[in-house]
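Chemist: Just passing along the structure, written as structure tokens.
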Amino acid sequence: MIWLSLIVDVRSREEYFKSHVKGSLNIPLFDLEYYMDFLRGKDVLVYCDTGRRARIAVEYLNSRGINAAFIPQEDFTKYEKEGKPILCAINYLSVKPGLEREFEKQTKKLCRVTVGMKGFLGSKIFRMSTISYGGSGLQGAYEDIDVKPTKYVMLTYWTSKKAHEEFHREHVILEGFTELMKYLSIMPYEEYGEIIR
């Protein structure tokens, strides 16, 4: 069965949320490989903000037998757009050595409670594992250096600062964060970030 053209935005989820072509689907460039069966048999129009990721996506899809083309930048303005504000709250956490597993278990539990809260749009949690000597410009080998105490970065996405602040007043959330505190070696702090890309 052949479908009408499917419009695919190959930018990140956060970029898509902020503004996208109305009716388009978000499949980030680096996730395309997981959608081959879905895209097969469809004519696909691809776009991004500059055209670079769209061109890479079209080449990738065409090489796998999917009929794909990109929306030229000069035509992009003709499409109706929609989107909503998105805010990122960035938490920096340092955990006492030996308590990482318990901390991660408690964090996952807290994340499950957060899903469904008003204004919440998702989260990501990163555990710092070692130092990137290439990215930091440091000389020598650093791949065997452990980051101690173990540091975590928790990103949570929100529709607004107001939604985020109201979330922190919820009793179940206050309890969840209080439970996390016993694992921490340094007082955590949080910043707001505007998503640029």
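In the structure tokens, each chain is lettered A, B, ... as it comes, each chain's residues begin at 1, and ligands are numbered from 1 in order of appearance.
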So which residues of segment 67-155 of chain A fall under strand (DSSP E) by DSSP, listed as a VMD selection string?
Modeler: chain A and resid 68 to 70 81 to 82 87 to 95 120 to 127 150 to 155
Chemist: Next, write the just-selected residues to a file, as a PDB file, in the first residue's frame, keeping N, CA and C atoms as the atom set.
Modeler:
ATOM      1  N   ALA A  68      12.621   9.119  -0.431  1.00  0.00           N
ATOM      2  CA  ALA A  68      12.671  10.292   0.440  1.00  0.00           C
ATOM      3  C   ALA A  68      13.255  11.489  -0.302  1.00  0.00           C
ATOM      4  N   ALA A  69      12.766  12.664   0.049  1.00  0.00           N
ATOM      5  CA  ALA A  69      13.281  13.928  -0.469  1.00  0.00           C
ATOM      6  C   ALA A  69      13.222  14.944   0.661  1.00  0.00           C
ATOM      7  N   PHE A  70      14.032  15.997   0.574  1.00  0.00           N
ATOM      8  CA  PHE A  70      13.974  17.002   1.634  1.00  0.00           C
ATOM      9  C   PHE A  70      13.206  18.216   1.150  1.00  0.00           C
ATOM     10  N   LYS A  81       3.104  26.076  10.753  1.00  0.00           N
ATOM     11  CA  LYS A  81       3.873  25.570  11.902  1.00  0.00           C
ATOM     12  C   LYS A  81       3.008  25.591  13.160  1.00  0.00           C
ATOM     13  N   GLU A  82       3.404  24.760  14.111  1.00  0.00           N
ATOM     14  CA  GLU A  82       2.796  24.770  15.433  1.00  0.00           C
ATOM     15  C   GLU A  82       3.864  24.380  16.445  1.00  0.00           C
ATOM     16  N   LEU A  87      10.715  24.170  28.609  1.00  0.00           N
ATOM     17  CA  LEU A  87      11.735  24.624  29.546  1.00  0.00           C
ATOM     18  C   LEU A  87      12.467  23.403  30.088  1.00  0.00           C
ATOM     19  N   CYS A  88      13.762  23.524  30.253  1.00  0.00           N
ATOM     20  CA  CYS A  88      14.544  22.431  30.832  1.00  0.00           C
ATOM     21  C   CYS A  88      15.049  22.853  32.205  1.00  0.00           C
ATOM     22  N   ALA A  89      14.775  22.028  33.207  1.00  0.00           N
ATOM     23  CA  ALA A  89      15.341  22.218  34.548  1.00  0.00           C
ATOM     24  C   ALA A  89      16.501  21.242  34.672  1.00  0.00           C
ATOM     25  N   ILE A  90      17.681  21.756  34.998  1.00  0.00           N
ATOM     26  CA  ILE A  90      18.909  20.959  35.035  1.00  0.00           C
ATOM     27  C   ILE A  90      19.348  20.812  36.482  1.00  0.00           C
ATOM     28  N   ASN A  91      19.374  19.576  36.974  1.00  0.00           N
ATOM     29  CA  ASN A  91      19.783  19.281  38.348  1.00  0.00           C
ATOM     30  C   ASN A  91      21.177  18.661  38.347  1.00  0.00           C
ATOM     31  N   TYR A  92      22.055  19.162  39.218  1.00  0.00           N
ATOM     32  CA  TYR A  92      23.400  18.625  39.387  1.00  0.00           C
ATOM     33  C   TYR A  92      23.458  17.924  40.739  1.00  0.00           C
ATOM     34  N   LEU A  93      23.825  16.654  40.731  1.00  0.00           N
ATOM     35  CA  LEU A  93      23.786  15.850  41.949  1.00  0.00           C
ATOM     36  C   LEU A  93      25.095  15.081  42.115  1.00  0.00           C
ATOM     37  N   SER A  94      25.632  15.032  43.314  1.00  0.00           N
ATOM     38  CA  SER A  94      26.825  14.244  43.635  1.00  0.00           C
ATOM     39  C   SER A  94      26.439  13.248  44.713  1.00  0.00           C
ATOM     40  N   VAL A  95      26.756  11.974  44.476  1.00  0.00           N
ATOM     41  CA  VAL A  95      26.302  10.897  45.364  1.00  0.00           C
ATOM     42  C   VAL A  95      27.464  10.313  46.168  1.00  0.00           C
ATOM     43  N   PHE A 120       4.580  18.441  32.976  1.00  0.00           N
ATOM     44  CA  PHE A 120       5.803  17.642  32.811  1.00  0.00           C
ATOM     45  C   PHE A 120       5.868  17.073  31.404  1.00  0.00           C
ATOM     46  N   LEU A 121       7.044  17.183  30.773  1.00  0.00           N
ATOM     47  CA  LEU A 121       7.209  16.733  29.384  1.00  0.00           C
ATOM     48  C   LEU A 121       8.281  15.664  29.198  1.00  0.00           C
ATOM     49  N   GLY A 122       8.833  15.150  30.286  1.00  0.00           N
ATOM     50  CA  GLY A 122       9.824  14.087  30.159  1.00  0.00           C
ATOM     51  C   GLY A 122      11.103  14.399  30.917  1.00  0.00           C
ATOM     52  N   SER A 123      12.001  13.409  30.956  1.00  0.00           N
ATOM     53  CA  SER A 123      13.256  13.582  31.682  1.00  0.00           C
ATOM     54  C   SER A 123      14.350  12.696  31.109  1.00  0.00           C
ATOM     55  N   LYS A 124      15.585  13.043  31.468  1.00  0.00           N
ATOM     56  CA  LYS A 124      16.773  12.254  31.133  1.00  0.00           C
ATOM     57  C   LYS A 124      17.699  12.326  32.335  1.00  0.00           C
ATOM     58  N   ILE A 125      18.410  11.244  32.610  1.00  0.00           N
ATOM     59  CA  ILE A 125      19.373  11.234  33.710  1.00  0.00           C
ATOM     60  C   ILE A 125      20.698  10.699  33.177  1.00  0.00           C
ATOM     61  N   PHE A 126      21.773  11.400  33.511  1.00  0.00           N
ATOM     62  CA  PHE A 126      23.114  11.003  33.080  1.00  0.00           C
ATOM     63  C   PHE A 126      23.988  10.752  34.294  1.00  0.00           C
ATOM     64  N   ARG A 127      24.783   9.672  34.250  1.00  0.00           N
ATOM     65  CA  ARG A 127      25.789   9.414  35.284  1.00  0.00           C
ATOM     66  C   ARG A 127      27.143   9.718  34.656  1.00  0.00           C
ATOM     67  N   THR A 150      30.492  10.208  42.565  1.00  0.00           N
ATOM     68  CA  THR A 150      29.782  10.040  41.308  1.00  0.00           C
ATOM     69  C   THR A 150      28.805  11.195  41.122  1.00  0.00           C
ATOM     70  N   LYS A 151      28.889  11.796  39.943  1.00  0.00           N
ATOM     71  CA  LYS A 151      28.025  12.941  39.637  1.00  0.00           C
ATOM     72  C   LYS A 151      26.936  12.516  38.662  1.00  0.00           C
ATOM     73  N   TYR A 152      25.778  13.135  38.823  1.00  0.00           N
ATOM     74  CA  TYR A 152      24.639  12.888  37.940  1.00  0.00           C
ATOM     75  C   TYR A 152      24.093  14.231  37.464  1.00  0.00           C
ATOM     76  N   VAL A 153      23.556  14.223  36.272  1.00  0.00           N
ATOM     77  CA  VAL A 153      22.828  15.378  35.757  1.00  0.00           C
ATOM     78  C   VAL A 153      21.438  14.868  35.404  1.00  0.00           C
ATOM     79  N   MET A 154      20.431  15.510  35.968  1.00  0.00           N
ATOM     80  CA  MET A 154      19.040  15.141  35.695  1.00  0.00           C
ATOM     81  C   MET A 154      18.390  16.298  34.938  1.00  0.00           C
ATOM     82  N   LEU A 155      17.897  16.011  33.744  1.00  0.00           N
ATOM     83  CA  LEU A 155      17.190  17.001  32.948  1.00  0.00           C
ATOM     84  C   LEU A 155      15.703  16.686  33.013  1.00  0.00           C
TER      85      LEU A 155
END
Chemist: What residues in segment 102-156 of chain A get the DSSP label alpha helix (DSSP H)? Please answer as JSON, numbers by chain.
Modeler: {"A": [102, 103, 104, 105, 106, 107, 108, 109, 110, 111, 112, 113, 114, 133, 134, 135, 136]}
Chemist: Can I get the selection written as a PDB file, in the first residue's frame, with C-alpha atoms?
Modeler:
ATOM      1  CA  GLU A 102      20.330   2.868  45.827  1.00  0.00           C
ATOM      2  CA  PHE A 103      20.311   6.462  44.564  1.00  0.00           C
ATOM      3  CA  GLU A 104      19.572   5.338  40.992  1.00  0.00           C
ATOM      4  CA  LYS A 105      16.763   3.085  42.203  1.00  0.00           C
ATOM      5  CA  GLN A 106      15.193   5.963  44.151  1.00  0.00           C
ATOM      6  CA  THR A 107      15.646   8.338  41.197  1.00  0.00           C
ATOM      7  CA  LYS A 108      13.866   5.944  38.823  1.00  0.00           C
ATOM      8  CA  LYS A 109      11.031   5.643  41.333  1.00  0.00           C
ATOM      9  CA  LEU A 110      10.748   9.435  41.534  1.00  0.00           C
ATOM     10  CA  CYS A 111      10.752   9.690  37.715  1.00  0.00           C
ATOM     11  CA  ARG A 112       7.854   7.221  37.490  1.00  0.00           C
ATOM     12  CA  VAL A 113       5.830   9.359  39.930  1.00  0.00           C
ATOM     13  CA  THR A 114       6.645  12.490  37.907  1.00  0.00           C
ATOM     14  CA  TYR A 133      40.425  14.342  27.756  1.00  0.00           C
ATOM     15  CA  GLY A 134      39.801  14.992  24.044  1.00  0.00           C
ATOM     16  CA  GLY A 135      36.800  17.226  24.655  1.00  0.00           C
ATOM     17  CA  SER A 136      38.427  19.096  27.518  1.00  0.00           C
TER      18      SER A 136
END
Chemist: In Å, rounded to a single decimal, give me how far atom CA of Gly23 of chain A is from atom CA of Ile86 of chain A.
Modeler: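 Computing it gives 18.9 Å between the two atoms.
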Chemist: Near Lys96 of chain A, within 9 Å and counting only C-alpha atoms, which residues show up once chain neighbours fewer than 6 positions away are dropped, as a PDB file with C-alpha atoms, in the first residue's frame?
Modeler:
ATOM      1  CA  LYS A 148      34.297  10.664  42.500  1.00  0.00           C
ATOM      2  CA  PRO A 149      31.982  11.314  44.113  1.00  0.00           C
ATOM      3  CA  THR A 150      29.782  10.040  41.308  1.00  0.00           C
ATOM      4  CA  LYS A 182      20.432  10.925  52.211  1.00  0.00           C
ATOM      5  CA  TYR A 183      22.428   9.680  49.212  1.00  0.00           C
ATOM      6  CA  LEU A 184      23.984  13.026  48.329  1.00  0.00           C
ATOM      7  CA  SER A 185      27.483  14.191  49.270  1.00  0.00           C
ATOM      8  CA  ILE A 186      27.019  17.804  48.122  1.00  0.00           C
TER       9      ILE A 186
END
Chemist: What separation in Å, quoted to one decimal, exists between atom CA of Arg13 of chain A and atom CA of Lys162 of chain A?
Modeler: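 Spanning atom CA of Arg13 of chain A to atom CA of Lys162 of chain A is a straight-line distance of 21.7 Å.
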Chemist: Residues within 12 Å of Asn67 of chain A, please, as a PyMOL selection string. Count only C-alpha atoms; anything in the same chain fewer than 4 positions from it doesn't count.
Modeler: chain A and resi 2-6+36+39-46+57-63
Chemist: Emit the selected residues as a PDB file, in the first residue's frame, including N, CA and C atoms.
Modeler:
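Full text of again38.pdb as output:
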ATOM      1  N   ILE A   2       0.643   2.194  -0.915  1.00  0.00           N
ATOM      2  CA  ILE A   2       1.405   3.434  -0.993  1.00  0.00           C
ATOM      3  C   ILE A   2       0.621   4.541  -0.290  1.00  0.00           C
ATOM      4  N   TRP A   3       1.313   5.295   0.556  1.00  0.00           N
ATOM      5  CA  TRP A   3       0.707   6.379   1.311  1.00  0.00           C
ATOM      6  C   TRP A   3       1.004   7.710   0.632  1.00  0.00           C
ATOM      7  N   LEU A   4       0.282   8.727   0.999  1.00  0.00           N
ATOM      8  CA  LEU A   4       0.630  10.079   0.594  1.00  0.00           C
ATOM      9  C   LEU A   4       1.926  10.443   1.301  1.00  0.00           C
ATOM     10  N   SER A   5       2.542  11.536   0.897  1.00  0.00           N
ATOM     11  CA  SER A   5       3.815  11.922   1.512  1.00  0.00           C
ATOM     12  C   SER A   5       3.686  12.108   3.014  1.00  0.00           C
ATOM     13  N   LEU A   6       4.624  11.542   3.707  1.00  0.00           N
ATOM     14  CA  LEU A   6       4.711  11.664   5.155  1.00  0.00           C
ATOM     15  C   LEU A   6       5.798  12.693   5.434  1.00  0.00           C
ATOM     16  N   MET A  36      12.644   1.929   9.897  1.00  0.00           N
ATOM     17  CA  MET A  36      12.682   1.477   8.508  1.00  0.00           C
ATOM     18  C   MET A  36      11.403   0.743   8.101  1.00  0.00           C
ATOM     19  N   LEU A  39       8.546   3.234   7.673  1.00  0.00           N
ATOM     20  CA  LEU A  39       8.685   4.155   6.547  1.00  0.00           C
ATOM     21  C   LEU A  39       8.631   3.469   5.178  1.00  0.00           C
ATOM     22  N   ARG A  40       8.924   2.187   5.157  1.00  0.00           N
ATOM     23  CA  ARG A  40       8.943   1.449   3.887  1.00  0.00           C
ATOM     24  C   ARG A  40       7.576   1.539   3.189  1.00  0.00           C
ATOM     25  N   GLY A  41       7.593   1.862   1.885  1.00  0.00           N
ATOM     26  CA  GLY A  41       6.362   1.947   1.108  1.00  0.00           C
ATOM     27  C   GLY A  41       5.705   3.314   1.152  1.00  0.00           C
ATOM     28  N   LYS A  42       6.324   4.254   1.867  1.00  0.00           N
ATOM     29  CA  LYS A  42       5.772   5.601   1.968  1.00  0.00           C
ATOM     30  C   LYS A  42       6.691   6.578   1.230  1.00  0.00           C
ATOM     31  N   ASP A  43       6.108   7.642   0.694  1.00  0.00           N
ATOM     32  CA  ASP A  43       6.900   8.751   0.180  1.00  0.00           C
ATOM     33  C   ASP A  43       7.153   9.677   1.362  1.00  0.00           C
ATOM     34  N   VAL A  44       8.412   9.970   1.598  1.00  0.00           N
ATOM     35  CA  VAL A  44       8.786  10.720   2.800  1.00  0.00           C
ATOM     36  C   VAL A  44       9.416  12.058   2.425  1.00  0.00           C
ATOM     37  N   LEU A  45       8.890  13.121   3.012  1.00  0.00           N
ATOM     38  CA  LEU A  45       9.492  14.449   2.904  1.00  0.00           C
ATOM     39  C   LEU A  45      10.148  14.755   4.239  1.00  0.00           C
ATOM     40  N   VAL A  46      11.407  15.169   4.196  1.00  0.00           N
ATOM     41  CA  VAL A  46      12.192  15.352   5.411  1.00  0.00           C
ATOM     42  C   VAL A  46      12.604  16.822   5.543  1.00  0.00           C
ATOM     43  N   ALA A  57      19.581  12.608   6.201  1.00  0.00           N
ATOM     44  CA  ALA A  57      18.457  11.671   6.367  1.00  0.00           C
ATOM     45  C   ALA A  57      17.986  11.142   5.017  1.00  0.00           C
ATOM     46  N   VAL A  58      17.869  12.024   4.035  1.00  0.00           N
ATOM     47  CA  VAL A  58      17.406  11.607   2.701  1.00  0.00           C
ATOM     48  C   VAL A  58      18.385  10.611   2.091  1.00  0.00           C
ATOM     49  N   GLU A  59      19.659  10.897   2.200  1.00  0.00           N
ATOM     50  CA  GLU A  59      20.681   9.977   1.668  1.00  0.00           C
ATOM     51  C   GLU A  59      20.577   8.614   2.361  1.00  0.00           C
ATOM     52  N   TYR A  60      20.439   8.645   3.666  1.00  0.00           N
ATOM     53  CA  TYR A  60      20.330   7.407   4.450  1.00  0.00           C
ATOM     54  C   TYR A  60      19.081   6.608   4.031  1.00  0.00           C
ATOM     55  N   LEU A  61      17.934   7.279   3.950  1.00  0.00           N
ATOM     56  CA  LEU A  61      16.678   6.594   3.604  1.00  0.00           C
ATOM     57  C   LEU A  61      16.708   6.055   2.174  1.00  0.00           C
ATOM     58  N   ASN A  62      17.181   6.884   1.245  1.00  0.00           N
ATOM     59  CA  ASN A  62      17.250   6.433  -0.147  1.00  0.00           C
ATOM     60  C   ASN A  62      18.161   5.226  -0.301  1.00  0.00           C
ATOM     61  N   SER A  63      19.258   5.185   0.432  1.00  0.00           N
ATOM     62  CA  SER A  63      20.191   4.053   0.348  1.00  0.00           C
ATOM     63  C   SER A  63      19.578   2.768   0.898  1.00  0.00           C
TER      64      SER A  63
END
Chemist: Here is a test: counting only C-alpha atoms, which residue of A:Val115, A:Ile196, A:Met128, A:Ile56 is nearest to Phe30 of chain A?
Modeler: A:Ile56
